[in-house]
Amino acid sequence: MLLDGKRLLITGVLDPRSIAFFAAKNAQEQGAQIVLTGFGRGLRLTERAAARLPEKPDVLELDVTQPEHLTAIADDIRQRWGRLDGLVHAIGFAPESCLGGGFLDAPWEDVATALHVSTYSYAALGSAFADLLAVEGGSIVGLDFDAQVAWPGYDWMGVAKAGLESANRYLARDLGPRGIRANLVAAGPLHTMAARSIDGFSAFDEVWQERAPLGWDLRDPDPVGRTICALLSDWMPATTGEVVHVDGGVHALGAGVPPEAQPGTGAGTSTT
């Protein structure tokens with residue numbers, strides 16, 4: 001099996017429709033032992049989702065903005081397993097003022113929260129678990145939403161994701177000599193709990209339905225979960241600092257070219 005014997009820490013499993021849930025499900029089916037984390041009111045949701053997995057894993061409390069939580073979880077993993085083979089960062093949050101068209105009005109205090117939770121925490125997790133990941137070499141995988149362009153309503157979360165992409169490169173640089181890989185998976189839009197909380201996010205649905213060359217199922221996070229597991233496995237030993245797109249191919253197309261004008265369709269001409 002792809003992850004036979006691997007020991008993984010997976011954050012962000014809020015419900016059975018989340019990307020992190022499908023990463024956890026696939027990881028268990030591929031032979032991994034896993035531990036989940038949750039925080040605050042979401043902790044109960046994580047515990048409920050954990051019961052829906054093939055084997056119910058332990059759920060530990062982790063607030064990534066609290067250094068003592070990171071230390072406690074690292075100590076737990078050290079005592080539990082003595083090493084860590086992989087870590088999934090599926091954490092993101094922005095206050096309401098930072099989303100849905102409030103880009104110019106969001107106060108610094110709210111922006112700081114978005115950047116702390118959604119960007120800085122990626123590096124903080126990498127640092128906290130580096131010694132455990134370095135025991136036999138390991139893999140860190142984070143969740144992204146393509147930050148090359150400005151998206152409607154995404155606002156400061158888009159900025160946070162751009163920072164996440166940059167942080168991923170620096171994490172790959174600094175942890176690579178210790179045998180640790182760091183990569184992001186940029187998923188297309190999915191009808192997850194996180195997406196539903198963003199005003200205007202549903203506007204992406206039509207774009208992906210029209211433009212994805214491979215098609216895109218807005219209700220199926222499984223392809224993203226599988227890609228996460230591939231990056232956690234030993235089958236991608238020389239890939240780090242990368243953003244792997246799992247979006248049906250939308251990222252590869254020019255935004256202004258409708259499907260009927262794509263080369264090979266026999267209708268119209270495309271421009272660049």
# chains A, B, ... in the order shown; residues from 1 in each chain; ligands from 1
call {"tool": "residues_around", "arguments": {"residues": "stretch 85-94 of chain A", "least_positions_apart": "6", "cutoff": "6 Å", "atoms": "only C-alpha atoms", "output": "compact mmCIF listing (two decimals) with C-alpha atoms, in the first residue's frame"}}
result
# COMPACT_ATOMS: atom_id res chain seq x y z
CA LYS A 6 3.44 5.87 7.71
CA ARG A 7 2.52 7.93 10.75
CA LEU A 8 0.68 11.12 9.92
CA LEU A 9 -0.73 14.19 11.65
CA ILE A 10 -3.70 15.69 9.82
CA THR A 11 -5.27 19.03 10.70
CA GLY A 12 -8.50 20.59 9.46
CA ALA A 114 -5.97 35.91 8.75
CA VAL A 117 -3.82 31.45 11.08
CA SER A 118 -3.65 30.89 7.32
CA LEU A 133 9.88 14.60 10.55
CA GLY A 138 9.09 13.30 5.95
CA SER A 139 6.58 15.32 3.96
CA ILE A 140 4.56 18.44 4.76
CA VAL A 141 1.53 19.13 2.56
CA GLY A 142 -0.59 22.30 2.76
CA LEU A 143 -3.85 23.27 1.09
CA LEU A 232 2.95 12.13 1.60
call {"tool": "residues_around", "arguments": {"residues": "A:Gln30", "least_positions_apart": "5", "cutoff": "7 Å", "atoms": "only C-alpha atoms", "output": "PyMOL selection string"}}
result
chain A and resi 1-4
call {"tool": "write_last_selection", "arguments": {"atoms": "C-alpha atoms", "output": "CSV table (one decimal), in the first residue's frame"}}
result
chain,number,residue,atom,x,y,z
A,1,MET,CA,0.0,0.0,0.0
A,2,LEU,CA,1.1,3.5,-0.7
A,3,LEU,CA,1.4,4.7,2.9
A,4,ASP,CA,2.0,1.4,4.6
call {"tool": "residues_around", "arguments": {"residues": "A:Ala238", "least_positions_apart": "6", "cutoff": "10 Å", "atoms": "only C-alpha atoms", "output": "number ranges by chain"}}
result
A: 176, 179, 181
call {"tool": "write_last_selection", "arguments": {"atoms": "C-alpha atoms", "output": "PDB file, in the first residue's frame"}}
result
ATOM      1  CA  GLY A 176      15.159  20.080   2.578  1.00  0.00           C
ATOM      2  CA  GLY A 179      15.156  15.222   4.311  1.00  0.00           C
ATOM      3  CA  ARG A 181       9.711  17.944   1.673  1.00  0.00           C
TER       4      ARG A 181
END
call {"tool": "residues_around", "arguments": {"residues": "stretch 33-50 of chain A", "least_positions_apart": "5", "cutoff": "8 Å", "atoms": "only C-alpha atoms", "output": "NGL selection string"}}
result
:A and (5-16 or 21 or 24 or 27-28 or 56-63)
call {"tool": "closest_residue", "arguments": {"among": "A:Ala212, A:Ala32, A:Ala20, A:Leu171", "to": "A:Ala124", "atoms": "only C-alpha atoms"}}
result
A:Leu171
call {"tool": "residues_around", "arguments": {"residues": "A:Asp146", "least_positions_apart": "6", "cutoff": "12 Å", "atoms": "only C-alpha atoms", "output": "list in words"}}
result
Tyr154, Met157, Gly158, Val159, Ala160, Lys161, Ala162, Gly163, Leu164, Glu165, Leu184, Val185, Ala186, Ala187, Gly188, Pro189, Val243, Val244, His245, Val246, Asp247, Gly249, Val250, His251 and Ala252 of chain A
call {"tool": "select_by_dssp", "arguments": {"residues": "stretch 35-254 of chain A", "states": "alpha helix (DSSP H)", "output": "VMD selection string"}}
result
chain A and resid 41 to 50 67 to 80 108 to 115 121 to 133 155 to 175 193 to 196 203 to 211 222 to 232
call {"tool": "atom_distance", "arguments": {"atom1": "atom CA of A:Glu109", "atom2": "atom CA of A:Val149"}}
result
24.3 Å
call {"tool": "closest_atom_pairs", "arguments": {"of": "stretch 113-226 of chain A", "to": "stretch 64-72 of chain A", "cutoff": "9 Å", "atoms": "only C-alpha atoms", "output": "tab-separated table"}}
result
residue	atom	partner	partner_atom	distance
A:His116	CA	A:Thr65	CA	7.0
A:Val117	CA	A:Thr65	CA	6.6
A:Tyr120	CA	A:Thr65	CA	8.9
A:Ser121	CA	A:Val64	CA	5.9
A:Tyr122	CA	A:Val64	CA	8.9
A:Ala124	CA	A:Val64	CA	7.7
A:Leu125	CA	A:Leu70	CA	7.2
A:Ala128	CA	A:Leu70	CA	6.2
A:Phe129	CA	A:Leu70	CA	8.4
call {"tool": "write_last_selection", "arguments": {"atoms": "N, CA and C atoms", "output": "tab-separated table (two decimals), in the first residue's frame"}}
result
chain	number	residue	atom	x	y	z
A	116	HIS	N	-1.91	35.21	10.36
A	116	HIS	CA	-1.37	34.34	11.40
A	116	HIS	C	-1.89	32.91	11.24
A	117	VAL	N	-3.21	32.78	11.13
A	117	VAL	CA	-3.82	31.45	11.08
A	117	VAL	C	-3.55	30.76	9.74
A	120	TYR	N	1.25	32.06	8.53
A	120	TYR	CA	2.35	31.84	9.46
A	120	TYR	C	2.28	30.45	10.11
A	121	SER	N	1.07	29.94	10.33
A	121	SER	CA	0.93	28.64	10.99
A	121	SER	C	1.58	27.52	10.20
A	122	TYR	N	1.68	27.67	8.88
A	122	TYR	CA	2.33	26.64	8.04
A	122	TYR	C	3.80	26.50	8.43
A	124	ALA	N	5.06	27.61	11.25
A	124	ALA	CA	5.09	27.25	12.67
A	124	ALA	C	4.97	25.74	12.85
A	125	LEU	N	4.08	25.10	12.09
A	125	LEU	CA	3.94	23.66	12.17
A	125	LEU	C	5.21	22.97	11.68
A	128	ALA	N	7.78	23.27	14.42
A	128	ALA	CA	7.46	22.50	15.61
A	128	ALA	C	7.70	21.01	15.43
A	129	PHE	N	7.48	20.52	14.22
A	129	PHE	CA	7.57	19.08	13.98
A	129	PHE	C	8.80	18.68	13.16
